[in-house]
Each structure stands twice: as C-alpha cells, then as structure tokens.
>>> print(open('data-v8.cif').read())   # mmCIF, C-alpha atoms and all ligand atoms
data_my_file
#
loop_
_atom_site.label_atom_id
_atom_site.label_comp_id
_atom_site.auth_asym_id
_atom_site.auth_seq_id
_atom_site.Cartn_x
_atom_site.Cartn_y
_atom_site.Cartn_z
CA MET A 1 -18.44 1.46 -46.23
CA SER A 2 -17.52 -1.72 -44.33
CA MET A 3 -20.21 -3.65 -42.50
CA ARG A 4 -20.77 -2.62 -38.87
CA ILE A 5 -22.14 -4.98 -36.18
CA ASP A 6 -23.00 -3.78 -32.67
CA ILE A 7 -23.83 -6.08 -29.75
CA ALA A 8 -26.01 -4.80 -26.88
CA THR A 9 -25.31 -6.98 -23.84
CA LEU A 10 -24.73 -7.18 -20.09
CA PHE A 11 -21.35 -8.79 -20.90
CA PRO A 12 -19.61 -6.55 -23.44
CA ASP A 13 -16.10 -7.64 -22.40
CA MET A 14 -16.90 -11.27 -23.17
CA CYS A 15 -18.13 -10.31 -26.64
CA ARG A 16 -15.26 -7.94 -27.36
CA GLN A 17 -12.70 -10.60 -26.47
CA VAL A 18 -14.09 -12.93 -29.09
CA LEU A 19 -14.51 -10.28 -31.81
CA ASP A 20 -10.98 -8.90 -31.32
CA GLU A 21 -9.30 -12.30 -31.82
CA SER A 22 -8.27 -14.27 -34.87
CA ILE A 23 -9.78 -13.65 -38.30
CA LEU A 24 -12.42 -11.10 -37.21
CA GLY A 25 -9.92 -9.17 -35.09
CA ARG A 26 -7.52 -8.95 -38.02
CA ALA A 27 -10.32 -7.92 -40.40
CA ALA A 28 -11.40 -5.14 -38.00
CA ARG A 29 -7.83 -3.83 -37.67
CA LYS A 30 -7.61 -3.73 -41.48
CA GLY A 31 -10.87 -1.75 -41.64
CA LEU A 32 -12.75 -4.50 -43.50
CA ILE A 33 -15.41 -4.71 -40.78
CA GLU A 34 -16.43 -2.66 -37.74
CA THR A 35 -17.61 -4.18 -34.44
CA HIS A 36 -18.76 -2.56 -31.17
CA CYS A 37 -20.07 -3.90 -27.87
CA HIS A 38 -22.33 -1.89 -25.55
CA GLN A 39 -23.20 -2.33 -21.87
CA ILE A 40 -27.00 -2.28 -21.48
CA ARG A 41 -26.55 -1.57 -17.74
CA ASP A 42 -25.08 1.87 -18.62
CA TYR A 43 -28.58 2.91 -19.74
CA THR A 44 -30.49 2.15 -16.53
CA LEU A 45 -32.18 5.10 -14.84
CA ASN A 46 -32.14 3.72 -11.27
CA ARG A 47 -29.37 4.21 -8.72
CA GLN A 48 -28.85 0.46 -8.24
CA LYS A 49 -28.28 0.03 -11.99
CA GLN A 50 -30.78 -2.80 -11.93
CA VAL A 51 -31.71 -4.12 -15.38
CA ASP A 52 -34.33 -6.72 -14.49
CA ASP A 53 -37.42 -7.25 -12.37
CA TYR A 54 -39.97 -9.89 -11.30
CA PRO A 55 -42.29 -11.20 -14.02
CA TYR A 56 -45.89 -9.98 -14.04
CA GLY A 57 -48.10 -12.99 -13.44
CA GLY A 58 -45.48 -14.67 -11.30
CA GLY A 59 -43.14 -17.49 -12.19
CA CYS A 60 -39.50 -18.14 -11.57
CA GLY A 61 -36.61 -15.98 -12.70
CA MET A 62 -36.28 -12.35 -13.61
CA VAL A 63 -37.21 -10.47 -16.77
CA MET A 64 -35.05 -7.76 -18.35
CA ASN A 65 -36.66 -4.32 -18.35
CA ALA A 66 -37.56 -2.77 -21.70
CA GLN A 67 -36.19 0.73 -21.00
CA PRO A 68 -32.40 0.15 -20.76
CA ILE A 69 -32.45 -2.12 -23.81
CA TYR A 70 -34.45 0.47 -25.75
CA ASP A 71 -32.21 3.38 -24.75
CA CYS A 72 -29.05 1.38 -25.52
CA CYS A 73 -30.37 0.62 -29.02
CA GLN A 74 -31.34 4.28 -29.54
CA ALA A 75 -27.78 5.33 -28.66
CA ILE A 76 -26.40 2.82 -31.16
CA LEU A 77 -28.86 3.99 -33.84
CA ALA A 78 -27.66 7.56 -33.27
CA GLN A 79 -24.07 6.41 -33.88
CA PHE A 80 -25.07 4.81 -37.17
CA GLU A 81 -26.79 8.02 -38.19
CA GLU A 82 -23.74 10.12 -37.27
CA GLN A 83 -21.64 7.93 -39.55
CA GLY A 84 -24.11 8.56 -42.37
CA ARG A 85 -25.09 4.90 -42.43
CA PRO A 86 -28.59 3.57 -43.14
CA ARG A 87 -30.61 2.29 -40.19
CA PRO A 88 -29.21 -1.10 -39.18
CA HIS A 89 -31.30 -4.27 -38.96
CA ILE A 90 -32.12 -4.99 -35.28
CA VAL A 91 -31.96 -8.65 -34.28
CA PHE A 92 -32.96 -10.04 -30.88
CA MET A 93 -31.31 -13.28 -29.81
CA THR A 94 -33.95 -15.54 -28.23
CA ALA A 95 -34.55 -19.28 -28.00
CA ALA A 96 -38.03 -18.62 -29.46
CA GLY A 97 -36.70 -16.92 -32.60
CA GLN A 98 -36.41 -17.98 -36.25
CA PRO A 99 -33.97 -20.93 -36.67
CA TYR A 100 -30.57 -19.69 -37.82
CA THR A 101 -29.11 -21.12 -41.03
CA GLU A 102 -26.46 -20.19 -43.60
CA GLN A 103 -29.30 -18.78 -45.71
CA VAL A 104 -30.21 -16.34 -42.91
CA ALA A 105 -26.50 -15.49 -42.50
CA ARG A 106 -26.37 -14.52 -46.18
CA GLU A 107 -29.46 -12.34 -45.85
CA LEU A 108 -27.99 -10.54 -42.85
CA ALA A 109 -24.60 -10.22 -44.60
CA ALA A 110 -26.30 -8.12 -47.29
CA GLN A 111 -27.23 -5.46 -44.70
CA ASP A 112 -25.03 -2.41 -44.08
CA GLY A 113 -25.21 -2.92 -40.34
CA LEU A 114 -26.72 -5.02 -37.55
CA ILE A 115 -27.57 -4.54 -33.89
CA LEU A 116 -27.61 -7.85 -32.02
CA VAL A 117 -29.48 -7.65 -28.71
CA CYS A 118 -28.68 -10.23 -26.03
CA GLY A 119 -31.10 -11.17 -23.28
CA HIS A 120 -30.21 -12.71 -19.96
CA TYR A 121 -32.12 -14.15 -17.03
CA GLU A 122 -35.51 -15.60 -17.99
CA GLY A 123 -36.05 -13.27 -20.91
CA MET A 124 -36.86 -9.71 -21.95
CA ASP A 125 -40.02 -7.65 -21.64
CA GLU A 126 -41.86 -8.56 -24.87
CA ARG A 127 -42.72 -4.92 -25.55
CA VAL A 128 -39.13 -3.92 -26.35
CA ILE A 129 -38.95 -6.77 -28.88
CA GLU A 130 -42.23 -5.59 -30.45
CA GLU A 131 -40.95 -2.02 -30.51
CA LEU A 132 -37.52 -2.64 -32.06
CA ALA A 133 -36.99 -6.09 -33.53
CA ASP A 134 -36.69 -6.62 -37.26
CA ARG A 135 -36.05 -10.29 -36.46
CA GLU A 136 -35.73 -12.71 -33.58
CA ILE A 137 -33.16 -15.45 -34.11
CA SER A 138 -32.50 -18.74 -32.31
CA ILE A 139 -29.21 -20.50 -33.06
CA GLY A 140 -30.65 -23.91 -32.23
CA ASP A 141 -33.18 -25.92 -30.28
CA TYR A 142 -31.49 -25.63 -26.89
CA VAL A 143 -31.44 -22.95 -24.22
CA LEU A 144 -28.40 -20.80 -23.42
CA THR A 145 -27.91 -18.80 -20.23
CA GLY A 146 -27.82 -15.65 -22.34
CA GLY A 147 -27.84 -14.37 -25.90
CA GLU A 148 -24.11 -13.57 -26.02
CA LEU A 149 -22.91 -16.86 -27.49
CA ALA A 150 -25.76 -16.72 -29.99
CA ALA A 151 -24.90 -13.12 -30.99
CA LEU A 152 -21.27 -14.13 -31.46
CA VAL A 153 -22.31 -17.05 -33.65
CA VAL A 154 -24.36 -14.69 -35.81
CA ALA A 155 -21.62 -12.00 -35.91
CA ASP A 156 -18.97 -14.57 -36.85
CA SER A 157 -20.99 -16.27 -39.58
CA VAL A 158 -22.09 -12.94 -41.09
CA LEU A 159 -18.75 -11.12 -40.90
CA ARG A 160 -16.79 -13.95 -42.50
CA LEU A 161 -18.91 -13.40 -45.62
CA GLN A 162 -17.75 -9.78 -45.96
CA PRO A 163 -15.31 -9.06 -48.82
CA GLY A 164 -11.67 -9.56 -47.85
CA VAL A 165 -12.31 -11.21 -44.47
CA LEU A 166 -11.43 -14.72 -45.67
CA ALA A 167 -8.10 -15.09 -47.48
CA GLU A 168 -9.74 -16.87 -50.44
CA PRO A 169 -13.26 -15.92 -51.47
CA GLN A 170 -13.73 -19.52 -52.65
CA GLY A 171 -13.16 -20.46 -49.00
CA TYR A 172 -16.79 -20.35 -48.07
CA GLN A 173 -18.24 -21.57 -51.33
CA GLU A 174 -16.89 -25.07 -50.87
CA GLU A 175 -17.86 -25.36 -47.25
CA SER A 176 -20.66 -27.26 -45.60
CA HIS A 177 -24.08 -25.63 -46.05
CA TRP A 178 -23.07 -23.12 -48.75
CA ASN A 179 -24.89 -25.03 -51.48
CA GLY A 180 -27.12 -27.12 -49.24
CA LEU A 181 -24.52 -29.91 -49.02
CA LEU A 182 -22.06 -30.99 -46.35
CA GLU A 183 -18.41 -30.52 -47.21
CA TYR A 184 -16.26 -33.38 -48.56
CA PRO A 185 -13.48 -34.71 -46.26
CA GLN A 186 -10.15 -32.87 -46.32
CA TYR A 187 -6.59 -34.16 -45.82
CA THR A 188 -3.12 -32.66 -45.43
CA ARG A 189 0.40 -34.08 -44.91
CA PRO A 190 1.58 -36.73 -44.20
CA GLU A 191 0.29 -39.11 -46.88
CA GLU A 192 -0.04 -41.85 -44.28
CA TRP A 193 -0.87 -41.31 -40.59
CA ARG A 194 -1.38 -44.14 -38.09
CA GLY A 195 -1.86 -46.52 -40.99
CA ARG A 196 -4.53 -44.33 -42.61
CA LYS A 197 -3.80 -43.31 -46.20
CA VAL A 198 -5.00 -40.19 -48.00
CA PRO A 199 -7.43 -41.27 -50.78
CA GLY A 200 -5.33 -41.92 -53.90
CA VAL A 201 -7.36 -39.67 -56.19
CA LEU A 202 -6.27 -36.60 -54.21
CA LEU A 203 -2.60 -37.40 -54.97
CA SER A 204 -3.27 -37.99 -58.69
CA GLY A 205 -3.09 -34.35 -59.78
CA HIS A 206 -6.12 -35.00 -62.04
CA HIS A 207 -8.40 -32.08 -61.24
CA GLY A 208 -11.42 -33.46 -63.06
CA ASN A 209 -11.28 -36.68 -61.05
CA ILE A 210 -10.64 -34.80 -57.82
CA ASP A 211 -13.69 -32.56 -58.36
CA ALA A 212 -15.85 -35.56 -59.21
CA TRP A 213 -14.68 -37.45 -56.10
CA ARG A 214 -15.35 -34.43 -53.87
CA ALA A 215 -18.81 -33.93 -55.34
CA LYS A 216 -19.61 -37.60 -54.75
CA MET A 217 -18.34 -37.52 -51.16
CA SER A 218 -20.34 -34.35 -50.42
CA LEU A 219 -23.48 -35.97 -51.70
CA GLU A 220 -22.94 -39.29 -49.89
CA ARG A 221 -22.16 -37.57 -46.59
CA THR A 222 -25.22 -35.36 -46.87
CA LYS A 223 -27.42 -38.38 -47.61
CA GLN A 224 -26.03 -40.37 -44.66
CA ARG A 225 -25.65 -37.66 -42.04
CA ARG A 226 -28.36 -35.16 -42.95
CA PRO A 227 -31.25 -36.83 -44.76
CA ASP A 228 -33.28 -33.68 -44.05
CA LEU A 229 -30.87 -31.59 -46.19
CA TYR A 230 -30.56 -34.34 -48.82
CA GLU A 231 -34.32 -34.35 -49.37
CA LYS A 232 -34.24 -30.64 -50.21
CA LEU A 233 -31.59 -30.99 -52.97
CA PRO A 234 -32.61 -30.61 -56.62
CA ASP A 235 -33.19 -33.98 -58.36
CA GLU A 236 -30.32 -33.51 -60.88
CA LEU A 237 -27.85 -33.42 -58.00
CA LYS A 238 -29.25 -36.51 -56.29
CA LYS A 239 -28.70 -38.67 -59.40
CA VAL A 240 -24.86 -38.50 -59.19
N1 LIG A 301 -30.90 -17.23 -25.80
C1 LIG A 301 -31.08 -18.36 -25.09
N2 LIG A 301 -31.07 -19.45 -25.86
C2 LIG A 301 -30.89 -19.02 -27.15
C3 LIG A 301 -30.80 -19.67 -28.41
N3 LIG A 301 -30.91 -20.99 -28.55
N4 LIG A 301 -30.61 -18.89 -29.50
C4 LIG A 301 -30.53 -17.55 -29.38
N5 LIG A 301 -30.59 -16.88 -28.22
C5 LIG A 301 -30.78 -17.60 -27.12
#
>>> encode(input="data-v8.cif", output="structure tokens", more="lines below")
Ligand code: ADE
Amino acid sequence: MSMRIDIATLFPDMCRQVLDESILGRAARKGLIETHCHQIRDYTLNRQKQVDDYPYGGGCGMVMNAQPIYDCCQAILAQFEEQGRPRPHIVFMTAAGQPYTEQVARELAAQDGLILVCGHYEGMDERVIEELADREISIGDYVLTGGELAALVVADSVLRLQPGVLAEPQGYQEESHWNGLLEYPQYTRPEEWRGRKVPGVLLSGHHGNIDAWRAKMSLERTKQRRPDLYEKLPDELKKV
C-alpha cells in the first residue's frame, strides 16, 4: 500500500494547497502516495470552538489545549485502522524537537504512515505530546509562527523518497545530503551565458572524467561550505 501522511492543523487549507501541487499532487493523483489534512478545531467540545487557553503559571501567549489535538489524532488513527494499515508514527512539529536531517527523512520514509501534528500560538499542552508523540521534530534553529511549514517540509522530503514519486530514482541519490556530501554544480544550455562557460569536462562526453570531476567538486564544496559535514566523512573519501 502507498505511504499515507496526515497533517493535523488549524490551517488545513494551507497544507492541502501545497500537497496538491506539483510533484506531490501528481503522485497523489497517480495513487503513489496518500495525503490528508485535518482541522483540529473540528474536535473542540466548546461552543466557541476555542482551541487554546492561558498558560498555567502565567506568561505571554496562549497554549493549545490537549483535548482537540488528542481527539483529532484518534480520528485519524481510526481511519488508518479502517484501511487495514498499521498504526502510523506520530510526529509533533516543535522548535524544541530533534533536528531534522535527510537521515531522519529516510527513517520516516520507511514507515507505512505518518501523522504530523502542528502547533500554533505559544505551544501545546505538554501532556498531549507525552501521550501521543513517537517523535518531536524541529526543522531548524529558528522559530516559526506555527508547525505547518515544518510539517510540509517533512511531508515533502519524506514523500519524494517514495517509489515512483521522482521520475528517476537516481534523482535523489546524487543530491546534496544523500551521502553526506553537498551536490556538485549543474549546468544546462547554452554553453556560454553572460561570458560564463560551462566547464569543458562536462562537454567532453568522457563519463569517467565527468564522474571524477563531480566527485571532486562535491568534496571541495562540502569542505568549504560545510566543514561540519566534511569532518564526518570517512577518511577514504577525504583523500580525493
Ligand atoms: N514550530 C515552530 N518552530 C518550529 C521549528 N523550527 N520546527 C518545527 N516546528 C516548529
């Protein structure tokens, strides 16, 4: 069965718009992936449909209540069960979560399904995270107004790894971060643009030389731009 990702959010339309476009939209229409967005507010039990409240202990901002998030996730879990799917991995998007990397994307891509939970306001009641979360993920050391953009980053990077989503499976294996390296520079026509020429080796048709040049460029770029990644490479690679 194709991978299914559900987003629980106060802004389902925003998420749906992104998931229905471009490569992921096409993949969903072909049945290669399944995506759904759910309105957390639909699960409130109060007449005002309020989803947040003042923080215990004081402080600025509002905190999202545990109950509507919990009930929304339970409804999604029931849908997975109805489809005969295993229980999906539940991921909360928070700035305090585990740093997101391509390695984490690959781990999540091996799951049958994911629920991505988006907070808003100053945060979520910690107890719903304790109750449900298999993981908490942060997409970087900065603060967003909500988890939606983070959930979309995770959905995009995980779904593109699903079979058939990218035209060429090699597509992602030569990209930045797949093997711990940054990608080599790419060029297309024309051969000269504003006085800048495409490196001659790429026009040579000699595949051995082209591969060697790309490997060297990848390594040099990684060393210059991301010394932190370069340090982690195996020694054999660094010798090139
Ligand atoms: N919510 C707010 N900031 C975030 C971040 N950096 N990553 C994930 N979710 C967030």
>>> closest_atom_pairs(input="data-v8.cif", of="chain A", to="ligand LIG 301 (chain A)", cutoff="10 Å", atoms="all atoms listed in the file", output="CSV")
residue,atom,partner,partner_atom,distance
A:Phe92,CA,A:LIG301,N5,7.7
A:Met93,CA,A:LIG301,N5,4.0
A:Thr94,CA,A:LIG301,N5,3.6
A:Ala95,CA,A:LIG301,C2,3.8
A:Ala96,CA,A:LIG301,C3,7.4
A:Gly97,CA,A:LIG301,C4,7.0
A:Gln98,CA,A:LIG301,N4,8.9
A:Pro99,CA,A:LIG301,N4,8.2
A:Tyr100,CA,A:LIG301,N4,8.4
A:Val117,CA,A:LIG301,N5,9.3
A:Cys118,CA,A:LIG301,N5,7.3
A:Gly119,CA,A:LIG301,N1,6.6
A:His120,CA,A:LIG301,N1,7.4
A:Tyr121,CA,A:LIG301,C1,9.2
A:Glu122,CA,A:LIG301,C1,8.8
A:Gly123,CA,A:LIG301,N1,8.1
A:Glu136,CA,A:LIG301,C4,8.3
A:Ile137,CA,A:LIG301,C4,5.8
A:Ser138,CA,A:LIG301,N4,3.4
A:Ile139,CA,A:LIG301,N4,4.2
A:Gly140,CA,A:LIG301,N3,4.7
A:Asp141,CA,A:LIG301,N3,5.7
A:Tyr142,CA,A:LIG301,N3,5.0
A:Val143,CA,A:LIG301,N2,3.9
A:Leu144,CA,A:LIG301,N2,3.9
A:Thr145,CA,A:LIG301,C1,5.8
A:Gly146,CA,A:LIG301,N1,4.9
A:Gly147,CA,A:LIG301,N1,4.2
A:Glu148,CA,A:LIG301,N5,7.6
A:Leu149,CA,A:LIG301,N5,7.7
A:Ala150,CA,A:LIG301,C4,4.9
A:Ala151,CA,A:LIG301,C4,7.3
A:Val153,CA,A:LIG301,C4,9.3
A:Val154,CA,A:LIG301,C4,9.4
>>> atom_distance(input="data-v8.cif", atom1="CA of Tyr56 in chain A", atom2="CA of Leu116 in chain A")
25.7 Å
>>> closest_residue(input="data-v8.cif", among="A:Asp235, A:Glu21, A:Glu34, A:Asp125", to="Val51 in chain A", atoms="all atoms listed in the file")
A:Asp125
>>> residues_around(input="data-v8.cif", residues="range 236-239 of chain A", least_positions_apart="3", cutoff="10 Å", atoms="all atoms listed in the file", output="ChimeraX atom specification")
/A:215-216,219-220,223,230-233
>>> write_last_selection(input="data-v8.cif", atoms="C-alpha atoms", output="CSV table (one decimal), in the coordinates of the input")
chain,number,residue,atom,x,y,z
A,215,ALA,CA,-18.8,-33.9,-55.3
A,216,LYS,CA,-19.6,-37.6,-54.8
A,219,LEU,CA,-23.5,-36.0,-51.7
A,220,GLU,CA,-22.9,-39.3,-49.9
A,223,LYS,CA,-27.4,-38.4,-47.6
A,230,TYR,CA,-30.6,-34.3,-48.8
A,231,GLU,CA,-34.3,-34.4,-49.4
A,232,LYS,CA,-34.2,-30.6,-50.2
A,233,LEU,CA,-31.6,-31.0,-53.0
>>> closest_residue(input="data-v8.cif", among="A:Gly208, A:Val165, A:Pro190, A:Val104", to="Ser22 in chain A", atoms="only C-alpha atoms")
A:Val165
>>> residues_near_point(input="data-v8.cif", point="(-16.8, -4.1, -44.2)", cutoff="9 Å", atoms="only C-alpha atoms", output="ChimeraX atom specification")
/A:1-4,27-28,31-34,112,159,162-165
>>> write_last_selection(input="data-v8.cif", atoms="C-alpha atoms", output="PDB file, keeping the file's coordinate frame")
ATOM      1  CA  MET A   1     -18.440   1.460 -46.230  1.00  0.00           C
ATOM      2  CA  SER A   2     -17.520  -1.720 -44.330  1.00  0.00           C
ATOM      3  CA  MET A   3     -20.210  -3.650 -42.500  1.00  0.00           C
ATOM      4  CA  ARG A   4     -20.770  -2.620 -38.870  1.00  0.00           C
ATOM      5  CA  ALA A  27     -10.320  -7.920 -40.400  1.00  0.00           C
ATOM      6  CA  ALA A  28     -11.400  -5.140 -38.000  1.00  0.00           C
ATOM      7  CA  GLY A  31     -10.870  -1.750 -41.640  1.00  0.00           C
ATOM      8  CA  LEU A  32     -12.750  -4.500 -43.500  1.00  0.00           C
ATOM      9  CA  ILE A  33     -15.410  -4.710 -40.780  1.00  0.00           C
ATOM     10  CA  GLU A  34     -16.430  -2.660 -37.740  1.00  0.00           C
ATOM     11  CA  ASP A 112     -25.030  -2.410 -44.080  1.00  0.00           C
ATOM     12  CA  LEU A 159     -18.750 -11.120 -40.900  1.00  0.00           C
ATOM     13  CA  GLN A 162     -17.750  -9.780 -45.960  1.00  0.00           C
ATOM     14  CA  PRO A 163     -15.310  -9.060 -48.820  1.00  0.00           C
ATOM     15  CA  GLY A 164     -11.670  -9.560 -47.850  1.00  0.00           C
ATOM     16  CA  VAL A 165     -12.310 -11.210 -44.470  1.00  0.00           C
TER      17      VAL A 165
END
>>> closest_residue(input="data-v8.cif", among="A:Val158, A:Ile5, A:Arg41, A:Thr188", to="Arg106 in chain A", atoms="all atoms listed in the file")
A:Val158
>>> residues_around(input="data-v8.cif", residues="Ile40 in chain A", least_positions_apart="3", cutoff="8 Å", atoms="only C-alpha atoms", output="ChimeraX atom specification")
/A:8-10,43-44,51,68-69,72
